[in-house]
$ cat final15.txt   # compact mmCIF, N, CA and C atoms
# COMPACT_ATOMS: atom_id res chain seq x y z
N MET E 57 75.93 252.28 -48.17
CA MET E 57 76.90 251.94 -47.14
C MET E 57 78.01 251.09 -47.78
N ASN E 58 79.24 251.42 -47.46
CA ASN E 58 80.39 250.67 -47.96
C ASN E 58 80.80 249.59 -46.97
N ILE E 59 81.24 248.47 -47.51
CA ILE E 59 81.80 247.41 -46.68
C ILE E 59 83.29 247.68 -46.56
N ASP E 60 83.81 247.69 -45.33
CA ASP E 60 85.20 248.06 -45.12
C ASP E 60 85.77 247.28 -43.94
N PHE E 61 86.86 246.55 -44.19
CA PHE E 61 87.52 245.78 -43.14
C PHE E 61 88.86 246.40 -42.75
N TYR E 62 89.31 247.43 -43.46
CA TYR E 62 90.61 248.02 -43.19
C TYR E 62 90.65 248.63 -41.80
N ALA E 63 91.76 248.47 -41.15
CA ALA E 63 92.04 249.01 -39.82
C ALA E 63 91.23 248.34 -38.70
N VAL E 64 90.58 247.22 -38.99
CA VAL E 64 89.86 246.48 -37.96
C VAL E 64 90.87 245.77 -37.08
N SER E 65 90.86 246.06 -35.79
CA SER E 65 91.70 245.37 -34.80
C SER E 65 93.17 245.31 -35.21
N GLN E 66 93.68 246.37 -35.82
CA GLN E 66 95.07 246.38 -36.24
C GLN E 66 96.00 246.34 -35.03
N LYS E 67 96.99 245.48 -35.08
CA LYS E 67 98.02 245.45 -34.05
C LYS E 67 99.37 245.30 -34.75
N HIS E 68 100.23 246.29 -34.54
CA HIS E 68 101.57 246.30 -35.12
C HIS E 68 102.59 246.41 -34.00
N LEU E 69 103.70 245.70 -34.14
CA LEU E 69 104.83 245.84 -33.23
C LEU E 69 106.09 246.03 -34.06
N THR E 70 107.06 246.70 -33.48
CA THR E 70 108.34 246.89 -34.15
C THR E 70 109.34 245.89 -33.60
N PHE E 71 110.02 245.18 -34.51
CA PHE E 71 111.01 244.17 -34.17
C PHE E 71 112.33 244.50 -34.85
N LEU E 72 113.42 243.94 -34.34
CA LEU E 72 114.66 243.89 -35.11
C LEU E 72 114.38 242.93 -36.27
N ALA E 73 114.99 243.18 -37.42
CA ALA E 73 114.69 242.39 -38.60
C ALA E 73 115.95 241.80 -39.22
N GLU E 74 115.89 240.51 -39.51
CA GLU E 74 116.99 239.87 -40.23
C GLU E 74 116.90 240.22 -41.71
N GLU E 75 117.95 239.92 -42.44
CA GLU E 75 117.98 240.17 -43.88
C GLU E 75 116.80 239.49 -44.56
N GLY E 76 116.20 240.18 -45.51
CA GLY E 76 115.08 239.63 -46.28
C GLY E 76 113.71 240.03 -45.77
N VAL E 77 113.65 240.65 -44.59
CA VAL E 77 112.37 241.13 -44.07
C VAL E 77 112.07 242.46 -44.75
N ALA E 78 110.96 242.49 -45.50
CA ALA E 78 110.56 243.67 -46.26
C ALA E 78 109.04 243.68 -46.33
N PRO E 79 108.44 244.80 -46.70
CA PRO E 79 106.99 244.84 -46.80
C PRO E 79 106.43 243.70 -47.66
N GLY E 80 105.39 243.05 -47.14
CA GLY E 80 104.75 241.94 -47.85
C GLY E 80 105.31 240.57 -47.51
N VAL E 81 106.34 240.52 -46.69
CA VAL E 81 106.97 239.25 -46.31
C VAL E 81 106.38 238.76 -44.99
N PHE E 82 105.95 237.50 -44.96
CA PHE E 82 105.51 236.89 -43.71
C PHE E 82 106.73 236.54 -42.88
N VAL E 83 106.61 236.74 -41.55
CA VAL E 83 107.77 236.56 -40.68
C VAL E 83 107.48 235.60 -39.53
N LYS E 84 108.59 235.10 -38.97
CA LYS E 84 108.57 234.24 -37.78
C LYS E 84 109.58 234.81 -36.80
N MET E 85 109.47 234.42 -35.54
CA MET E 85 110.47 234.81 -34.54
C MET E 85 111.74 234.02 -34.82
N SER E 86 112.90 234.69 -34.72
CA SER E 86 114.16 233.98 -34.94
C SER E 86 115.01 233.98 -33.67
N THR E 87 115.18 235.14 -33.05
CA THR E 87 115.86 235.24 -31.76
C THR E 87 115.11 236.30 -30.95
N ASN E 88 115.62 236.64 -29.78
CA ASN E 88 114.95 237.61 -28.93
C ASN E 88 114.63 238.90 -29.69
N ALA E 89 113.33 239.26 -29.73
CA ALA E 89 112.85 240.50 -30.34
C ALA E 89 113.25 240.67 -31.80
N THR E 90 113.53 239.56 -32.49
CA THR E 90 114.00 239.59 -33.88
C THR E 90 113.16 238.67 -34.74
N VAL E 91 112.80 239.16 -35.95
CA VAL E 91 112.04 238.35 -36.90
C VAL E 91 112.88 238.05 -38.13
N ALA E 92 112.49 236.94 -38.79
CA ALA E 92 113.13 236.51 -40.03
C ALA E 92 112.04 236.13 -41.02
N PRO E 93 112.35 236.14 -42.32
CA PRO E 93 111.35 235.72 -43.30
C PRO E 93 110.95 234.26 -43.08
N CYS E 94 109.68 233.97 -43.31
CA CYS E 94 109.21 232.59 -43.21
C CYS E 94 109.70 231.78 -44.40
N SER E 95 109.80 230.49 -44.20
CA SER E 95 110.10 229.52 -45.26
C SER E 95 108.89 228.63 -45.42
N ALA E 96 108.92 227.75 -46.40
CA ALA E 96 107.82 226.82 -46.63
C ALA E 96 107.54 226.01 -45.37
N GLY E 97 106.27 225.96 -44.98
CA GLY E 97 105.85 225.18 -43.82
C GLY E 97 105.85 225.94 -42.51
N ASP E 98 106.45 227.14 -42.46
CA ASP E 98 106.46 227.93 -41.23
C ASP E 98 105.09 228.53 -40.96
N THR E 99 104.77 228.67 -39.68
CA THR E 99 103.56 229.38 -39.27
C THR E 99 103.95 230.83 -38.98
N PRO E 100 103.42 231.80 -39.71
CA PRO E 100 103.83 233.18 -39.53
C PRO E 100 103.25 233.80 -38.26
N ILE E 101 104.03 234.70 -37.65
CA ILE E 101 103.48 235.49 -36.54
C ILE E 101 102.77 236.71 -37.09
N GLY E 102 103.12 237.12 -38.32
CA GLY E 102 102.51 238.28 -38.94
C GLY E 102 103.17 238.60 -40.27
N ILE E 103 102.86 239.79 -40.77
CA ILE E 103 103.37 240.22 -42.08
C ILE E 103 104.03 241.59 -41.92
N CYS E 104 105.16 241.77 -42.58
CA CYS E 104 105.88 243.04 -42.53
C CYS E 104 105.10 244.10 -43.32
N THR E 105 104.87 245.25 -42.69
CA THR E 105 104.18 246.35 -43.36
C THR E 105 105.14 247.48 -43.73
N SER E 106 106.27 247.58 -43.04
CA SER E 106 107.29 248.56 -43.39
C SER E 106 108.60 248.17 -42.72
N SER E 107 109.68 248.66 -43.29
CA SER E 107 110.99 248.39 -42.68
C SER E 107 111.90 249.58 -42.90
N GLU E 108 112.79 249.77 -41.94
CA GLU E 108 113.75 250.87 -42.02
C GLU E 108 114.98 250.46 -41.23
N GLY E 109 116.12 250.45 -41.89
CA GLY E 109 117.35 250.04 -41.22
C GLY E 109 117.24 248.61 -40.71
N ASP E 110 117.55 248.40 -39.43
CA ASP E 110 117.51 247.06 -38.83
C ASP E 110 116.16 246.72 -38.22
N CYS E 111 115.14 247.58 -38.41
CA CYS E 111 113.85 247.36 -37.76
C CYS E 111 112.74 247.18 -38.79
N ALA E 112 111.66 246.53 -38.36
CA ALA E 112 110.50 246.33 -39.21
C ALA E 112 109.23 246.40 -38.38
N SER E 113 108.20 246.98 -38.97
CA SER E 113 106.87 246.99 -38.37
C SER E 113 106.15 245.74 -38.85
N ILE E 114 105.68 244.95 -37.89
CA ILE E 114 105.02 243.68 -38.21
C ILE E 114 103.57 243.76 -37.78
N GLN E 115 102.67 243.48 -38.72
CA GLN E 115 101.25 243.43 -38.42
C GLN E 115 100.95 242.05 -37.85
N LEU E 116 100.54 242.02 -36.58
CA LEU E 116 100.23 240.76 -35.90
C LEU E 116 98.76 240.40 -36.00
N GLU E 117 97.91 241.42 -36.09
CA GLU E 117 96.46 241.21 -36.17
C GLU E 117 95.85 242.24 -37.09
N GLY E 118 94.68 241.91 -37.62
CA GLY E 118 93.94 242.86 -38.43
C GLY E 118 93.79 242.40 -39.87
N HIS E 119 93.19 243.27 -40.68
CA HIS E 119 92.88 242.98 -42.07
C HIS E 119 94.12 243.04 -42.94
N CYS E 120 94.26 242.07 -43.84
CA CYS E 120 95.28 242.15 -44.88
C CYS E 120 94.85 241.32 -46.07
N LYS E 121 95.46 241.61 -47.20
CA LYS E 121 95.20 240.88 -48.43
C LYS E 121 96.41 239.99 -48.67
N ILE E 122 96.16 238.70 -48.95
CA ILE E 122 97.26 237.75 -49.14
C ILE E 122 97.14 237.04 -50.48
N VAL E 123 98.26 236.53 -50.94
CA VAL E 123 98.30 235.61 -52.08
C VAL E 123 98.37 234.22 -51.48
N TYR E 124 97.61 233.27 -52.05
CA TYR E 124 97.66 231.91 -51.54
C TYR E 124 97.83 230.90 -52.65
N THR E 125 98.33 229.72 -52.29
CA THR E 125 98.45 228.60 -53.20
C THR E 125 97.56 227.48 -52.69
N LEU E 126 97.23 226.55 -53.55
CA LEU E 126 96.34 225.46 -53.18
C LEU E 126 97.00 224.12 -53.38
N PRO E 127 97.29 223.40 -52.29
CA PRO E 127 97.67 222.00 -52.46
C PRO E 127 96.47 221.27 -53.06
N ALA E 128 96.71 220.25 -53.85
CA ALA E 128 95.64 219.55 -54.58
C ALA E 128 94.52 219.06 -53.67
N GLU E 129 94.83 218.66 -52.46
CA GLU E 129 93.84 218.06 -51.57
C GLU E 129 93.08 219.06 -50.71
N THR E 130 93.35 220.36 -50.86
CA THR E 130 92.79 221.36 -49.95
C THR E 130 92.09 222.47 -50.72
N GLN E 131 91.11 223.09 -50.10
CA GLN E 131 90.42 224.24 -50.66
C GLN E 131 90.45 225.38 -49.68
N VAL E 132 90.53 226.59 -50.18
CA VAL E 132 90.37 227.77 -49.33
C VAL E 132 88.88 228.07 -49.31
N LYS E 133 88.36 228.31 -48.11
CA LYS E 133 86.94 228.58 -47.97
C LYS E 133 86.74 229.82 -47.11
N LEU E 134 85.58 230.41 -47.22
CA LEU E 134 85.24 231.55 -46.37
C LEU E 134 85.04 231.06 -44.94
N GLY E 135 85.37 231.91 -43.98
CA GLY E 135 85.27 231.53 -42.58
C GLY E 135 86.65 231.24 -42.02
N TYR E 136 86.70 230.58 -40.89
CA TYR E 136 87.98 230.30 -40.24
C TYR E 136 88.70 229.14 -40.91
N GLN E 137 90.00 229.33 -41.14
CA GLN E 137 90.83 228.31 -41.75
C GLN E 137 92.27 228.51 -41.29
N ASN E 138 93.04 227.45 -41.25
CA ASN E 138 94.44 227.51 -40.83
C ASN E 138 95.35 227.58 -42.05
N PHE E 139 96.43 228.38 -41.92
CA PHE E 139 97.39 228.56 -43.01
C PHE E 139 98.82 228.47 -42.50
N VAL E 140 99.71 228.00 -43.37
CA VAL E 140 101.16 228.07 -43.18
C VAL E 140 101.74 228.73 -44.43
N CYS E 141 103.02 229.02 -44.41
CA CYS E 141 103.67 229.65 -45.56
C CYS E 141 104.01 228.64 -46.64
N SER E 142 103.77 229.03 -47.89
CA SER E 142 104.28 228.29 -49.05
C SER E 142 105.71 228.76 -49.32
N ASP E 143 105.91 230.06 -49.13
CA ASP E 143 107.21 230.72 -49.19
C ASP E 143 107.07 232.00 -48.38
N SER E 144 107.97 232.93 -48.50
CA SER E 144 107.93 234.10 -47.61
C SER E 144 106.80 235.09 -47.93
N THR E 145 106.16 234.98 -49.09
CA THR E 145 105.10 235.93 -49.44
C THR E 145 103.76 235.27 -49.76
N THR E 146 103.68 233.96 -49.61
CA THR E 146 102.47 233.22 -50.00
C THR E 146 102.07 232.24 -48.91
N LEU E 147 100.78 232.15 -48.67
CA LEU E 147 100.25 231.19 -47.69
C LEU E 147 99.53 230.05 -48.39
N LYS E 148 99.36 228.94 -47.65
CA LYS E 148 98.56 227.81 -48.14
C LYS E 148 97.80 227.21 -46.97
N PRO E 149 96.64 226.64 -47.23
CA PRO E 149 95.88 226.01 -46.15
C PRO E 149 96.64 224.82 -45.57
N ASP E 150 96.61 224.70 -44.25
CA ASP E 150 97.24 223.57 -43.57
C ASP E 150 96.67 223.51 -42.16
N ALA E 151 96.18 222.35 -41.77
CA ALA E 151 95.54 222.19 -40.46
C ALA E 151 96.46 222.56 -39.30
N ALA E 152 97.77 222.46 -39.49
CA ALA E 152 98.72 222.74 -38.41
C ALA E 152 99.08 224.22 -38.32
N GLY E 153 98.54 225.06 -39.20
CA GLY E 153 98.95 226.45 -39.27
C GLY E 153 98.17 227.39 -38.38
N ARG E 154 98.33 228.67 -38.64
CA ARG E 154 97.68 229.75 -37.90
C ARG E 154 96.25 229.93 -38.39
N GLN E 155 95.32 230.05 -37.45
CA GLN E 155 93.93 230.26 -37.82
C GLN E 155 93.67 231.72 -38.14
N VAL E 156 93.03 231.95 -39.29
CA VAL E 156 92.63 233.30 -39.71
C VAL E 156 91.18 233.25 -40.17
N LEU E 157 90.57 234.41 -40.27
CA LEU E 157 89.21 234.51 -40.78
C LEU E 157 89.29 234.96 -42.24
N VAL E 158 88.84 234.10 -43.17
CA VAL E 158 88.84 234.43 -44.60
C VAL E 158 87.55 235.19 -44.90
N LEU E 159 87.70 236.45 -45.35
CA LEU E 159 86.57 237.34 -45.59
C LEU E 159 86.09 237.32 -47.04
N SER E 160 87.02 237.20 -47.98
CA SER E 160 86.66 237.16 -49.39
C SER E 160 87.76 236.46 -50.18
N LEU E 161 87.37 235.94 -51.35
CA LEU E 161 88.29 235.23 -52.24
C LEU E 161 88.18 235.83 -53.63
N GLY E 162 89.28 235.86 -54.37
CA GLY E 162 89.25 236.37 -55.73
C GLY E 162 90.57 236.13 -56.42
N THR E 163 90.78 236.81 -57.53
CA THR E 163 92.04 236.73 -58.27
C THR E 163 92.46 238.14 -58.67
N GLU E 164 93.77 238.34 -58.73
CA GLU E 164 94.37 239.58 -59.23
C GLU E 164 95.62 239.19 -60.00
N ASN E 165 95.72 239.64 -61.23
CA ASN E 165 96.90 239.33 -62.06
C ASN E 165 97.18 237.83 -62.07
N GLU E 166 96.13 237.03 -62.21
CA GLU E 166 96.21 235.57 -62.29
C GLU E 166 96.71 234.92 -61.00
N LYS E 167 96.72 235.65 -59.90
CA LYS E 167 97.09 235.08 -58.59
C LYS E 167 95.84 234.95 -57.75
N LYS E 168 95.80 233.90 -56.93
CA LYS E 168 94.68 233.73 -56.02
C LYS E 168 94.87 234.63 -54.81
N ILE E 169 93.85 235.44 -54.51
CA ILE E 169 93.92 236.44 -53.46
C ILE E 169 92.82 236.17 -52.43
N ALA E 170 93.14 236.36 -51.17
CA ALA E 170 92.14 236.28 -50.11
C ALA E 170 92.30 237.49 -49.21
N GLU E 171 91.19 238.05 -48.77
CA GLU E 171 91.23 239.07 -47.74
C GLU E 171 90.98 238.35 -46.43
N ILE E 172 91.86 238.58 -45.44
CA ILE E 172 91.77 237.84 -44.19
C ILE E 172 91.88 238.78 -43.00
N LEU E 173 91.47 238.29 -41.85
CA LEU E 173 91.77 238.93 -40.57
C LEU E 173 92.74 238.01 -39.85
N LEU E 174 93.94 238.51 -39.59
CA LEU E 174 94.94 237.75 -38.84
C LEU E 174 94.48 237.61 -37.41
$ encode --input "final15.txt" --output "structure tokens"
Amino acid sequence: MNIDFYAVSQKHLTFLAEEGVAPGVFVKMSTNATVAPCSAGDTPIGICTSSEGDCASIQLEGHCKIVYTLPAETQVKLGYQNFVCSDSTTLKPDAAGRQVLVLSLGTENEKKIAEILL
């Protein structure tokens, strides 16, 4: 039996997208029905999975693989944990952030990777 989290509770919505919204970028609401790339400290509403013209598909819930950074005083652990953005493509643990379920931890190309459920 294979362990598989892909497509679990996937929820995607299409939004108007500001400049810089591209696949792999965490986004926040900017104006009515419009998303913008997150900056350091922002709590993301989701991650862009595709974009075309002025629109982008944003994954609001479900399985995804993220890159994370570690502030010296914090650890990423399995189970529920809160995250905010370090930049538009990287998350970091922060008590004030969005709660996600951390399923696995590892490294790829010397980057810290976590599989999460948004």
$ residues_around --input "final15.txt" --residues "Lys167 of chain E" --least-positions-apart "3" --cutoff "7 Å" --atoms "all atoms listed in the file" --output "PyMOL selection string"
chain E and resi 123-124+162-164
$ select_by_dssp --input "final15.txt" --residues "segment 116-166 of chain E" --states "strand (DSSP E)" --output "ChimeraX atom specification"
/E:116-117,119-124,135-143,146-149,154-164
$ closest_residue --input "final15.txt" --among "E:Val77, E:Val156, E:Leu69, E:Ala96" --to "Ser113 of chain E" --atoms "all atoms listed in the file"
E:Leu69
$ residues_around --input "final15.txt" --residues "Arg154 of chain E" --least-positions-apart "2" --cutoff "5 Å" --atoms "only N, CA and C atoms" --output "ChimeraX atom specification"
/E:138-140,152,156
$ atom_distance --input "final15.txt" --atom1 "atom CA of Ile122 of chain E" --atom2 "atom CA of Pro79 of chain E"
12.3 Å
$ atom_distance --input "final15.txt" --atom1 "atom N of Lys84 of chain E" --atom2 "atom CA of Val132 of chain E"
22.2 Å
$ build_atoms --input "final15.txt" --residues "segment 100-111 of chain E" --atoms "all heavy atoms" --output "PDB file, in the coordinates of the input"
ATOM      1  N   PRO E 100     103.420 231.800 -39.710  1.00  0.00           N
ATOM      2  CA  PRO E 100     103.830 233.180 -39.530  1.00  0.00           C
ATOM      3  C   PRO E 100     103.250 233.800 -38.260  1.00  0.00           C
ATOM      4  O   PRO E 100     102.146 233.454 -37.845  1.00  0.00           O
ATOM      5  CB  PRO E 100     103.260 233.887 -40.758  1.00  0.00           C
ATOM      6  CG  PRO E 100     102.060 233.083 -41.121  1.00  0.00           C
ATOM      7  CD  PRO E 100     102.415 231.654 -40.783  1.00  0.00           C
ATOM      8  N   ILE E 101     104.030 234.700 -37.650  1.00  0.00           N
ATOM      9  CA  ILE E 101     103.480 235.490 -36.540  1.00  0.00           C
ATOM     10  C   ILE E 101     102.770 236.710 -37.090  1.00  0.00           C
ATOM     11  O   ILE E 101     101.944 237.312 -36.430  1.00  0.00           O
ATOM     12  CB  ILE E 101     104.555 235.920 -35.514  1.00  0.00           C
ATOM     13  CG1 ILE E 101     105.561 236.891 -36.134  1.00  0.00           C
ATOM     14  CG2 ILE E 101     105.232 234.714 -34.892  1.00  0.00           C
ATOM     15  CD1 ILE E 101     106.264 237.764 -35.131  1.00  0.00           C
ATOM     16  N   GLY E 102     103.120 237.120 -38.320  1.00  0.00           N
ATOM     17  CA  GLY E 102     102.510 238.280 -38.940  1.00  0.00           C
ATOM     18  C   GLY E 102     103.170 238.600 -40.270  1.00  0.00           C
ATOM     19  O   GLY E 102     103.942 237.797 -40.796  1.00  0.00           O
ATOM     20  N   ILE E 103     102.860 239.790 -40.770  1.00  0.00           N
ATOM     21  CA  ILE E 103     103.370 240.220 -42.080  1.00  0.00           C
ATOM     22  C   ILE E 103     104.030 241.590 -41.920  1.00  0.00           C
ATOM     23  O   ILE E 103     103.531 242.457 -41.205  1.00  0.00           O
ATOM     24  CB  ILE E 103     102.242 240.249 -43.134  1.00  0.00           C
ATOM     25  CG1 ILE E 103     102.787 240.531 -44.520  1.00  0.00           C
ATOM     26  CG2 ILE E 103     101.142 241.217 -42.738  1.00  0.00           C
ATOM     27  CD1 ILE E 103     101.778 240.275 -45.636  1.00  0.00           C
ATOM     28  N   CYS E 104     105.160 241.770 -42.580  1.00  0.00           N
ATOM     29  CA  CYS E 104     105.880 243.040 -42.530  1.00  0.00           C
ATOM     30  C   CYS E 104     105.100 244.100 -43.320  1.00  0.00           C
ATOM     31  O   CYS E 104     104.732 243.869 -44.470  1.00  0.00           O
ATOM     32  CB  CYS E 104     107.280 242.877 -43.103  1.00  0.00           C
ATOM     33  SG  CYS E 104     108.247 244.401 -43.121  1.00  0.00           S
ATOM     34  N   THR E 105     104.870 245.250 -42.690  1.00  0.00           N
ATOM     35  CA  THR E 105     104.180 246.350 -43.360  1.00  0.00           C
ATOM     36  C   THR E 105     105.140 247.480 -43.730  1.00  0.00           C
ATOM     37  O   THR E 105     104.844 248.253 -44.631  1.00  0.00           O
ATOM     38  CB  THR E 105     103.032 246.900 -42.493  1.00  0.00           C
ATOM     39  OG1 THR E 105     103.551 247.299 -41.230  1.00  0.00           O
ATOM     40  CG2 THR E 105     101.946 245.853 -42.313  1.00  0.00           C
ATOM     41  N   SER E 106     106.270 247.580 -43.040  1.00  0.00           N
ATOM     42  CA  SER E 106     107.290 248.560 -43.390  1.00  0.00           C
ATOM     43  C   SER E 106     108.600 248.170 -42.720  1.00  0.00           C
ATOM     44  O   SER E 106     108.596 247.449 -41.721  1.00  0.00           O
ATOM     45  CB  SER E 106     106.877 249.984 -42.985  1.00  0.00           C
ATOM     46  OG  SER E 106     106.779 250.095 -41.592  1.00  0.00           O
ATOM     47  N   SER E 107     109.680 248.660 -43.290  1.00  0.00           N
ATOM     48  CA  SER E 107     110.990 248.390 -42.680  1.00  0.00           C
ATOM     49  C   SER E 107     111.900 249.580 -42.900  1.00  0.00           C
ATOM     50  O   SER E 107     111.754 250.309 -43.893  1.00  0.00           O
ATOM     51  CB  SER E 107     111.617 247.116 -43.268  1.00  0.00           C
ATOM     52  OG  SER E 107     111.833 247.262 -44.650  1.00  0.00           O
ATOM     53  N   GLU E 108     112.790 249.770 -41.940  1.00  0.00           N
ATOM     54  CA  GLU E 108     113.750 250.870 -42.020  1.00  0.00           C
ATOM     55  C   GLU E 108     114.980 250.460 -41.230  1.00  0.00           C
ATOM     56  O   GLU E 108     114.891 250.157 -40.041  1.00  0.00           O
ATOM     57  CB  GLU E 108     113.141 252.142 -41.443  1.00  0.00           C
ATOM     58  CG  GLU E 108     114.011 253.358 -41.619  1.00  0.00           C
ATOM     59  CD  GLU E 108     113.344 254.622 -41.102  1.00  0.00           C
ATOM     60  OE1 GLU E 108     112.143 254.822 -41.347  1.00  0.00           O
ATOM     61  OE2 GLU E 108     114.055 255.390 -40.427  1.00  0.00           O
ATOM     62  N   GLY E 109     116.120 250.450 -41.890  1.00  0.00           N
ATOM     63  CA  GLY E 109     117.350 250.040 -41.220  1.00  0.00           C
ATOM     64  C   GLY E 109     117.240 248.610 -40.710  1.00  0.00           C
ATOM     65  O   GLY E 109     116.870 247.710 -41.462  1.00  0.00           O
ATOM     66  N   ASP E 110     117.550 248.400 -39.430  1.00  0.00           N
ATOM     67  CA  ASP E 110     117.510 247.060 -38.830  1.00  0.00           C
ATOM     68  C   ASP E 110     116.160 246.720 -38.220  1.00  0.00           C
ATOM     69  O   ASP E 110     116.030 245.698 -37.568  1.00  0.00           O
ATOM     70  CB  ASP E 110     118.564 246.958 -37.724  1.00  0.00           C
ATOM     71  CG  ASP E 110     119.978 247.002 -38.267  1.00  0.00           C
ATOM     72  OD1 ASP E 110     120.143 246.873 -39.502  1.00  0.00           O
ATOM     73  OD2 ASP E 110     120.907 247.169 -37.470  1.00  0.00           O
ATOM     74  N   CYS E 111     115.140 247.580 -38.410  1.00  0.00           N
ATOM     75  CA  CYS E 111     113.850 247.360 -37.760  1.00  0.00           C
ATOM     76  C   CYS E 111     112.740 247.180 -38.790  1.00  0.00           C
ATOM     77  O   CYS E 111     112.854 247.639 -39.927  1.00  0.00           O
ATOM     78  CB  CYS E 111     113.499 248.545 -36.864  1.00  0.00           C
ATOM     79  SG  CYS E 111     114.621 248.720 -35.469  1.00  0.00           S
TER      80      CYS E 111
END
